[in-house]
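Colleague: One structure, pasted below without further comment.
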Amino acid sequence: LPDRYKTVGNSVWNEFGQLAIEHKPLNLGQGFPDFPAPAYVTKALADVASGQEPLLHQYTRGFGHVRLVNALSKLYSKLIGRPIDAFSEILVTSGAYEALFSCIGGHTRPGDEFIIIEPFFDCYEPMVLAAGGKPVYIPLRPKSTTSSGPTTSADWVLDLNELASKFNSNTKAIILNTPLNPLGKVFTKEELTTIANLCKKWNTLCISDEVYEWMTYKPNKHVRIATLPGMWERTITIGSAGKTFSVTGWKLGWAYGPAKLMENLRIVHQNCVYTCPTPIQEAVARSFELEMTRLDSPDCFFNEISAILEPKRDFLVNALTHIGMKPVIPEGGYFVVADWTPLENSVNLSKETDKYKDYRFAKFLTKNIGLQGIPVSPFYSEPDKPLASNLIRFCFIKKDENLQQAAKLLRDWK
Ligand code: PMP
Ligand code: GLN
């Protein structure tokens with residue numbers, strides 16, 4: 001194995017995915033819905049598959065199927081408030097994952113620094129390292145709250161002086177994720193403005209992972225950092241059809257930004273993936289076209305999804321609180337992070353040998369209680385992993401009956 005991959009072990013997704021196959025727990029681990037996507041979305045793919053258009057089963061344009069980049073251009077031009085060119089400012093990728101990979105790989109010279117906010121979606125770190133860059137970490141820290149009431153993801157904040165101290169002349173980019181996986185933090189316009197000002201001061205890029213852009217809970221609103229003054233020209237924004245339309249298995253994503261920056265992603269993409277599956281792109285394009293006719297209506301799936309998720313979030317938060325865990329109420333996304341250590345006396349972690357306690361607890365829960373969550377230390381750099389040893393993440397984009405079953409498993413155990 002080349003040195004650049006040597007620091008990277010088996011990812012938490014592969015490890016816990018395998019555990020789920022072996023132990024068949026109720027799975028609130030990896031983030032994916034266990035209920036059907038909107039019928040028109042799967043029907044669009046069925047129509048493409050059974051239709052009589054032979055070219056929809058052949059290679060399509062390498063940087064994105066024309067019908068899809070046109071749809072993305074129309075939607076994001078409106079959301080960003082400027083014309084976004086379908087052919088030079090958008091790239092369609094193999095999931096948001098490949099958008100991140102092409103973006104990081106296409107912008108890294110040896111020693112370039114990438115500021116990463118902890119907890120972070122785990123792939124940012126190996127992608128920066130494999131590209132020859134240097135991750136520079138800054139943790140969100142829970143505010144010391146005076147009340148003993150529930151905490152929310154808004155209580156997890158950046159220390160502004162600490163953030164400013166991470167920028168220097170080697171900084172290539174900051175990687176932002178809002179709403180944030182795993183905490184569900186939705187960065188406010190003020191927080192984003194602070195980040196934007198530092199990017200401008202140090203002339204850095206901003207890689208903005210917005211795959212959960214449609215999942216925010218009242219009164220929180222998703223703000224796209226590319227809309228802030230002076231940010232379009234330095235921001236690459238990343239999205240995911242898997243998250244947007246509840247079809248994570250389709251693995252289709254995109255990146256958009258100014259043409260000069262997008263050229264760098266294209267080079268990586270054309271020499272790796274080259275082009276994404278045509279039928280999937282066509283079906284996603286048709287789905288966007290439908291939703292764009294009703295963007296302001298509650299029937300639009302982009303609005304409906306948060307309304308579907310909010311009661312699920314509340315149910316899971318209550319169930320976790322009820323058995324004594326301390327959940328952090330998320331403002332967005334579809335995960336709840338909870339402090340499980342009030343239950344420490346009820347668990348026997350001695351059979352597990354993992355270095356970090358959160359790993360041992362998540363494995364205990366999968367194997368003995370039949371419930372899978374994801375440990376949170378993989379979302380931290382090695383020196384900061386102890387910050388997560390009390391934490392576990394649960395996914396709540398699940399059928400009500402499965403969330404109820406999860407609550408029951410926890411109740412029966414306690
Ligand atoms: N970024 C974040 C924050 C994620 O949670 C995920 C997982 N969906 C991805 C990127 C990757 O998305 P995709 O499945 O479209 O590759
Ligand atoms: N984003 C999902 C999660 O955090 C899936 C992880 C992945 O795609 N590797 O659970």
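Please note that chains go A, B, ... in the order of the structure tokens, that every chain numbers its residues from 1, and that ligands are numbered from 1 in the order shown.
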Tell me, counting only C-alpha atoms and all ligand atoms, for each residue of chain A within 7 Å of ligand 2, which pair of atoms is nearest and how far apart they are in Å to one decimal, in rows ordered by chain and increasing number, as a tab-separated table.
Modeller:
residue	atom	partner	partner_atom_place_in_ligand_line	distance
A:Trp13	CA	ligand 2	9 (N)	5.5
A:Gly29	CA	ligand 2	10 (O)	6.5
A:Gln30	CA	ligand 2	10 (O)	3.5
A:Gly31	CA	ligand 2	10 (O)	3.4
A:Phe32	CA	ligand 2	2 (C)	6.7
A:Phe121	CA	ligand 2	4 (O)	6.8
A:Asn181	CA	ligand 2	4 (O)	6.4
A:Pro182	CA	ligand 2	4 (O)	6.9
Colleague: Next, dump the selected residues to file, keeping only C-alpha atoms, as a PDB file, in the first residue's frame.
Modeller:
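selection28.pdb written:
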ATOM      1  CA  TRP A  13     -18.897   2.283   7.458  1.00  0.00           C
ATOM      2  CA  GLY A  29     -26.240   3.262  11.979  1.00  0.00           C
ATOM      3  CA  GLN A  30     -25.314   4.339   8.469  1.00  0.00           C
ATOM      4  CA  GLY A  31     -27.495   7.151   7.170  1.00  0.00           C
ATOM      5  CA  PHE A  32     -30.121   5.947   4.708  1.00  0.00           C
ATOM      6  CA  PHE A 121     -17.770  13.590   7.921  1.00  0.00           C
ATOM      7  CA  ASN A 181     -23.058  15.283   9.918  1.00  0.00           C
ATOM      8  CA  PRO A 182     -23.035  13.983  12.681  1.00  0.00           C
TER       9      PRO A 182
END
Colleague: Return as a compact mmCIF listing (two decimals) with N, CA and C atoms, in the first residue's frame the residues of protein, DNA or RNA that approach ligand 1 to within 9 Å, with only C-alpha atoms and all ligand atoms taken into account.
Modeller:
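Output contents, as saved in part-v6.txt:
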# COMPACT_ATOMS: atom_id res chain seq x y z
N GLN A 30 -25.59 3.54 9.68
CA GLN A 30 -25.31 4.34 8.47
C GLN A 30 -26.57 5.10 8.04
N GLY A 31 -26.36 6.28 7.48
CA GLY A 31 -27.50 7.15 7.17
C GLY A 31 -28.16 6.83 5.85
N PHE A 32 -29.30 6.14 5.91
CA PHE A 32 -30.12 5.95 4.71
C PHE A 32 -31.55 5.66 5.14
N THR A 93 -21.18 13.97 -10.38
CA THR A 93 -20.19 13.05 -9.81
C THR A 93 -20.84 11.78 -9.27
N SER A 94 -19.99 10.83 -8.95
CA SER A 94 -20.42 9.56 -8.40
C SER A 94 -20.70 9.75 -6.91
N GLY A 95 -21.82 10.33 -6.59
CA GLY A 95 -22.12 10.69 -5.21
C GLY A 95 -21.38 11.95 -4.80
N ALA A 96 -21.82 12.52 -3.68
CA ALA A 96 -21.10 13.67 -3.14
C ALA A 96 -19.67 13.26 -2.78
N TYR A 97 -19.51 11.98 -2.48
CA TYR A 97 -18.18 11.45 -2.16
C TYR A 97 -17.16 11.78 -3.25
N GLU A 98 -17.54 11.49 -4.49
CA GLU A 98 -16.58 11.74 -5.58
C GLU A 98 -16.41 13.24 -5.83
N ALA A 99 -17.46 14.01 -5.56
CA ALA A 99 -17.32 15.47 -5.69
C ALA A 99 -16.26 15.96 -4.71
N LEU A 100 -16.31 15.43 -3.47
CA LEU A 100 -15.30 15.80 -2.47
C LEU A 100 -13.92 15.37 -2.92
N PHE A 120 -16.35 15.90 11.93
CA PHE A 120 -16.44 16.06 10.47
C PHE A 120 -16.83 14.74 9.84
N PHE A 121 -17.46 14.81 8.67
CA PHE A 121 -17.77 13.59 7.92
C PHE A 121 -16.43 12.92 7.61
N ASP A 122 -16.31 11.67 8.01
CA ASP A 122 -14.99 11.04 8.16
C ASP A 122 -14.10 11.04 6.93
N CYS A 123 -14.67 11.08 5.72
CA CYS A 123 -13.81 10.92 4.53
C CYS A 123 -12.95 12.15 4.24
N TYR A 124 -13.26 13.30 4.85
CA TYR A 124 -12.46 14.49 4.52
C TYR A 124 -10.98 14.24 4.85
N ASN A 177 -19.38 21.87 6.45
CA ASN A 177 -20.50 20.94 6.23
C ASN A 177 -21.70 21.47 7.02
N THR A 178 -22.67 21.98 6.29
CA THR A 178 -23.88 22.49 6.94
C THR A 178 -25.10 22.08 6.13
N PRO A 179 -26.13 21.53 6.79
CA PRO A 179 -26.18 20.97 8.13
C PRO A 179 -25.09 19.89 8.31
N LEU A 180 -24.59 19.84 9.54
CA LEU A 180 -23.39 19.06 9.81
C LEU A 180 -23.69 17.60 10.21
N ASN A 181 -23.06 16.69 9.52
CA ASN A 181 -23.06 15.28 9.92
C ASN A 181 -21.81 15.10 10.78
N PRO A 182 -21.90 14.65 12.02
CA PRO A 182 -23.03 13.98 12.68
C PRO A 182 -23.91 14.86 13.58
N ASP A 209 -19.90 21.36 1.83
CA ASP A 209 -20.64 20.10 1.68
C ASP A 209 -22.05 20.34 2.22
N GLU A 210 -23.02 20.41 1.30
CA GLU A 210 -24.39 20.77 1.69
C GLU A 210 -25.37 19.65 1.35
N VAL A 211 -24.92 18.40 1.53
CA VAL A 211 -25.78 17.28 1.12
C VAL A 211 -27.11 17.24 1.89
N TYR A 212 -27.14 17.83 3.10
CA TYR A 212 -28.40 17.84 3.87
C TYR A 212 -29.13 19.18 3.73
N ILE A 238 -21.23 21.34 -2.76
CA ILE A 238 -21.44 19.94 -3.10
C ILE A 238 -22.81 19.46 -2.64
N GLY A 239 -23.49 18.71 -3.51
CA GLY A 239 -24.81 18.18 -3.18
C GLY A 239 -24.90 16.70 -3.54
N SER A 240 -26.03 16.08 -3.16
CA SER A 240 -26.19 14.65 -3.34
C SER A 240 -27.63 14.30 -3.70
N ALA A 241 -27.80 13.58 -4.81
CA ALA A 241 -29.14 13.11 -5.16
C ALA A 241 -29.61 12.08 -4.14
N GLY A 242 -28.66 11.31 -3.60
CA GLY A 242 -29.01 10.30 -2.60
C GLY A 242 -29.74 10.91 -1.42
N LYS A 243 -29.23 12.06 -0.95
CA LYS A 243 -29.85 12.74 0.19
C LYS A 243 -31.08 13.52 -0.25
N VAL A 247 -32.54 8.46 -2.14
CA VAL A 247 -32.10 7.30 -2.91
C VAL A 247 -30.57 7.17 -2.78
N THR A 248 -30.11 6.88 -1.56
CA THR A 248 -28.66 6.91 -1.34
C THR A 248 -27.93 5.88 -2.21
N GLY A 249 -28.64 4.79 -2.57
CA GLY A 249 -28.00 3.76 -3.39
C GLY A 249 -27.75 4.19 -4.83
N TRP A 250 -28.30 5.31 -5.25
CA TRP A 250 -28.07 5.78 -6.61
C TRP A 250 -26.68 6.40 -6.75
N LYS A 251 -26.10 6.82 -5.63
CA LYS A 251 -24.73 7.37 -5.63
C LYS A 251 -24.51 8.38 -6.76
N LEU A 252 -25.32 9.41 -6.75
CA LEU A 252 -25.11 10.49 -7.72
C LEU A 252 -25.02 11.81 -6.96
N GLY A 253 -24.03 12.61 -7.30
CA GLY A 253 -23.87 13.90 -6.64
C GLY A 253 -23.43 14.95 -7.64
N TRP A 254 -23.10 16.13 -7.12
CA TRP A 254 -22.66 17.20 -8.01
C TRP A 254 -21.85 18.22 -7.22
N GLY A 333 -30.25 17.89 9.26
CA GLY A 333 -29.70 16.56 8.97
C GLY A 333 -30.61 15.48 9.51
Colleague: List the neighbours of segment 155-169 of chain A out to 7 Å using only C-alpha atoms; skip same-chain residues closer than 3 positions along the sequence, and give me the result as a VMD selection string.
Modeller: chain A and resid 138 to 143 151 to 152 198 202
Colleague: Would you export the selected residues with N, CA and C atoms as a PDB file, in the first residue's frame, please?
Modeller:
ATOM      1  N   ILE A 138     -10.184  21.941  13.844  1.00  0.00           N
ATOM      2  CA  ILE A 138     -10.712  22.808  14.890  1.00  0.00           C
ATOM      3  C   ILE A 138     -12.030  22.220  15.397  1.00  0.00           C
ATOM      4  N   PRO A 139     -12.103  21.908  16.693  1.00  0.00           N
ATOM      5  CA  PRO A 139     -13.348  21.308  17.189  1.00  0.00           C
ATOM      6  C   PRO A 139     -14.425  22.345  17.501  1.00  0.00           C
ATOM      7  N   LEU A 140     -15.671  21.975  17.211  1.00  0.00           N
ATOM      8  CA  LEU A 140     -16.797  22.715  17.784  1.00  0.00           C
ATOM      9  C   LEU A 140     -16.798  22.355  19.260  1.00  0.00           C
ATOM     10  N   ARG A 141     -17.070  23.337  20.108  1.00  0.00           N
ATOM     11  CA  ARG A 141     -17.069  23.037  21.540  1.00  0.00           C
ATOM     12  C   ARG A 141     -18.443  23.352  22.116  1.00  0.00           C
ATOM     13  N   PRO A 142     -18.961  22.435  22.966  1.00  0.00           N
ATOM     14  CA  PRO A 142     -20.260  22.719  23.570  1.00  0.00           C
ATOM     15  C   PRO A 142     -20.146  23.904  24.514  1.00  0.00           C
ATOM     16  N   LYS A 143     -21.067  24.859  24.378  1.00  0.00           N
ATOM     17  CA  LYS A 143     -21.073  26.000  25.295  1.00  0.00           C
ATOM     18  C   LYS A 143     -21.397  25.472  26.672  1.00  0.00           C
ATOM     19  N   THR A 151     -29.639  20.147  25.438  1.00  0.00           N
ATOM     20  CA  THR A 151     -28.760  20.964  24.607  1.00  0.00           C
ATOM     21  C   THR A 151     -29.117  20.718  23.148  1.00  0.00           C
ATOM     22  N   THR A 152     -28.803  21.684  22.318  1.00  0.00           N
ATOM     23  CA  THR A 152     -29.065  21.530  20.886  1.00  0.00           C
ATOM     24  C   THR A 152     -27.745  21.700  20.153  1.00  0.00           C
ATOM     25  N   LEU A 198     -12.717  35.200   6.953  1.00  0.00           N
ATOM     26  CA  LEU A 198     -11.366  34.611   7.059  1.00  0.00           C
ATOM     27  C   LEU A 198     -10.915  34.061   5.705  1.00  0.00           C
ATOM     28  N   TRP A 202      -7.528  35.518   3.900  1.00  0.00           N
ATOM     29  CA  TRP A 202      -6.369  34.668   3.585  1.00  0.00           C
ATOM     30  C   TRP A 202      -6.404  34.124   2.156  1.00  0.00           C
TER      31      TRP A 202
END
Colleague: Tell me which protein, DNA and RNA residues are within 9 Å of segment 322-327 of chain A, counting only C-alpha atoms, leaving out same-chain ones fewer than 5 positions away, and put them as a PyMOL selection string.
Modeller: chain A and resi 150-152+317+336-343+407+410-411+414
Colleague: Give the answer as one residue: which of A:Tyr217, A:Tyr5, A:Tyr76, A:Phe35 has the shortest atom-to-atom distance to Ala131 of chain A, using only C-alpha atoms?
Modeller: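 Closest to Ala131 of chain A, using only C-alpha atoms: A:Tyr5.
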Colleague: Would you mind listing what lies within 7 Å of segment 256-271 of chain A as a CSV table (one decimal) with N, CA and C atoms, in the first residue's frame, with only C-alpha atoms counted and same-chain residues fewer than 2 positions away left out?
Modeller:
chain,number,residue,atom,x,y,z
A,62,GLY,N,-19.4,13.5,-20.3
A,62,GLY,CA,-18.6,13.1,-19.2
A,62,GLY,C,-18.8,14.0,-17.9
A,63,PHE,N,-19.0,15.3,-18.1
A,63,PHE,CA,-19.1,16.2,-17.0
A,63,PHE,C,-20.5,16.3,-16.5
A,88,SER,N,-20.1,24.8,-17.7
A,88,SER,CA,-18.7,25.1,-17.2
A,88,SER,C,-18.7,25.2,-15.7
A,89,GLU,N,-19.9,25.3,-15.1
A,89,GLU,CA,-19.9,25.6,-13.6
A,89,GLU,C,-20.5,24.5,-12.8
A,90,ILE,N,-20.8,23.4,-13.4
A,90,ILE,CA,-21.4,22.3,-12.7
A,90,ILE,C,-20.7,21.0,-13.2
A,91,LEU,N,-20.5,20.1,-12.2
A,91,LEU,CA,-19.9,18.8,-12.5
A,91,LEU,C,-20.8,17.7,-11.8
A,102,SER,N,-12.8,14.7,-6.0
A,102,SER,CA,-12.3,15.5,-7.1
A,102,SER,C,-11.9,16.9,-6.7
A,103,CYS,N,-12.7,17.4,-5.8
A,103,CYS,CA,-12.4,18.8,-5.3
A,103,CYS,C,-11.1,18.9,-4.5
A,105,GLY,N,-8.7,16.5,-4.4
A,105,GLY,CA,-7.6,16.0,-5.3
A,105,GLY,C,-7.2,17.1,-6.3
A,106,GLY,N,-8.1,17.8,-6.8
A,106,GLY,CA,-7.9,18.8,-7.9
A,106,GLY,C,-7.3,20.1,-7.4
A,107,HIS,N,-7.2,20.2,-6.0
A,107,HIS,CA,-6.7,21.5,-5.5
A,107,HIS,C,-5.5,21.4,-4.6
A,232,TRP,N,-18.9,33.6,-3.9
A,232,TRP,CA,-19.1,32.7,-5.1
A,232,TRP,C,-17.8,32.3,-5.7
A,233,GLU,N,-16.9,33.3,-5.9
A,233,GLU,CA,-15.7,33.1,-6.6
A,233,GLU,C,-14.7,32.2,-5.9
A,235,THR,N,-15.9,29.5,-3.7
A,235,THR,CA,-16.6,28.4,-3.1
A,235,THR,C,-17.0,27.3,-4.1
A,236,ILE,N,-16.8,26.1,-3.7
A,236,ILE,CA,-17.3,24.9,-4.4
A,236,ILE,C,-18.3,24.3,-3.5
A,237,THR,N,-19.6,24.2,-4.0
A,237,THR,CA,-20.6,23.6,-3.2
A,237,THR,C,-21.0,22.2,-3.7
A,238,ILE,N,-21.2,21.3,-2.8
A,238,ILE,CA,-21.4,19.9,-3.1
A,238,ILE,C,-22.8,19.5,-2.6
A,254,TRP,N,-23.1,16.1,-7.1
A,254,TRP,CA,-22.7,17.2,-8.0
A,254,TRP,C,-21.9,18.2,-7.2
A,273,VAL,N,-13.5,8.6,-12.9
A,273,VAL,CA,-14.8,8.1,-13.2
A,273,VAL,C,-15.2,8.3,-14.6
A,274,TYR,N,-14.7,9.3,-15.2
A,274,TYR,CA,-15.1,9.8,-16.6
A,274,TYR,C,-16.5,10.2,-16.7
Colleague: Quick check for you: according to DSSP on this backbone, which residues of segment 172-249 of chain A are classed as strand (DSSP E or B)? Reply as a ChimeraX atom specification.
Modeller: /A:172-177,205-209,216,235-240
Colleague: Could you name the residues that touch Tyr356 of chain A at 8 Å or less, counting only C-alpha atoms, but leaving out those on the same chain fewer than 4 positions away, as a ChimeraX atom specification?
Modeller: /A:360,377,385-386,389
Colleague: Using only N, CA and C atoms, please write the residues we just selected to a file, as a PDB file, in the first residue's frame.
Modeller:
ATOM      1  N   ARG A 360     -16.373   0.769  21.711  1.00  0.00           N
ATOM      2  CA  ARG A 360     -16.729  -0.417  22.503  1.00  0.00           C
ATOM      3  C   ARG A 360     -18.222  -0.399  22.818  1.00  0.00           C
ATOM      4  N   SER A 377     -16.142   8.885  17.499  1.00  0.00           N
ATOM      5  CA  SER A 377     -14.705   9.187  17.379  1.00  0.00           C
ATOM      6  C   SER A 377     -14.174   9.158  15.937  1.00  0.00           C
ATOM      7  N   LYS A 385      -9.889  12.530  19.364  1.00  0.00           N
ATOM      8  CA  LYS A 385     -10.882  11.462  19.509  1.00  0.00           C
ATOM      9  C   LYS A 385     -11.438  11.333  20.936  1.00  0.00           C
ATOM     10  N   PRO A 386     -10.618  11.599  21.966  1.00  0.00           N
ATOM     11  CA  PRO A 386     -11.190  11.502  23.321  1.00  0.00           C
ATOM     12  C   PRO A 386     -12.397  12.431  23.523  1.00  0.00           C
ATOM     13  N   SER A 389     -15.530  10.248  23.137  1.00  0.00           N
ATOM     14  CA  SER A 389     -15.647   8.896  23.700  1.00  0.00           C
ATOM     15  C   SER A 389     -16.965   8.675  24.438  1.00  0.00           C
TER      16      SER A 389
END
Colleague: If I take atom CA of Ile117 of chain A and atom CA of Gly133 of chain A, how far is one from the other in Å, to one decimal?
Modeller: 15.7 Å
Colleague: Among the residues of segment 48-96 of chain A, find those DSSP assigns to helix (DSSP H, G or I) from the backbone and print them as a list in words.
Modeller: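 After running DSSP on the backbone, segment 48-96 of chain A has helix (DSSP H, G or I) at Val48, Ala49, Ser50, Pro54, Leu55, Leu56, His57, Val66, Arg67, Leu68, Val69, Asn70, Ala71, Leu72, Ser73, Lys74, Leu75, Tyr76, Ser77, Lys78, Leu79, Ile80, Gly95 and Ala96 of chain A.
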Colleague: I'd like the neighbourhood of Asn348 of chain A as an mmCIF file with C-alpha atoms, in the first residue's frame, where a residue qualifies if any of its atoms comes within 10 Å (using only C-alpha atoms), though same-chain residues fewer than 6 positions away should be ignored.
Modeller:
data_model
loop_
_atom_site.group_PDB
_atom_site.id
_atom_site.type_symbol
_atom_site.label_atom_id
_atom_site.label_comp_id
_atom_site.auth_asym_id
_atom_site.auth_seq_id
_atom_site.Cartn_x
_atom_site.Cartn_y
_atom_site.Cartn_z
ATOM 1 C CA ARG A 360 -16.729 -0.417 22.503
ATOM 2 C CA PHE A 361 -20.156 0.888 23.492
ATOM 3 C CA PHE A 364 -21.875 -3.697 22.718
ATOM 4 C CA ASN A 368 -26.089 -7.420 22.892
#
Colleague: Taking into account only C-alpha atoms, which residue in the set A:Ala226, A:Ile175, A:Met215, A:Ile305 is nearest to Arg82 of chain A?
Modeller: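 Closest residue, counting only C-alpha atoms: A:Ala226.
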Colleague: With only C-alpha atoms as the basis for distance, which of A:Phe16, A:Ile308, A:Ser287, A:Glu213 is at the shortest distance from Lys399 of chain A?
Modeller: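 So, comparing all the options, the nearest one is A:Ile308.
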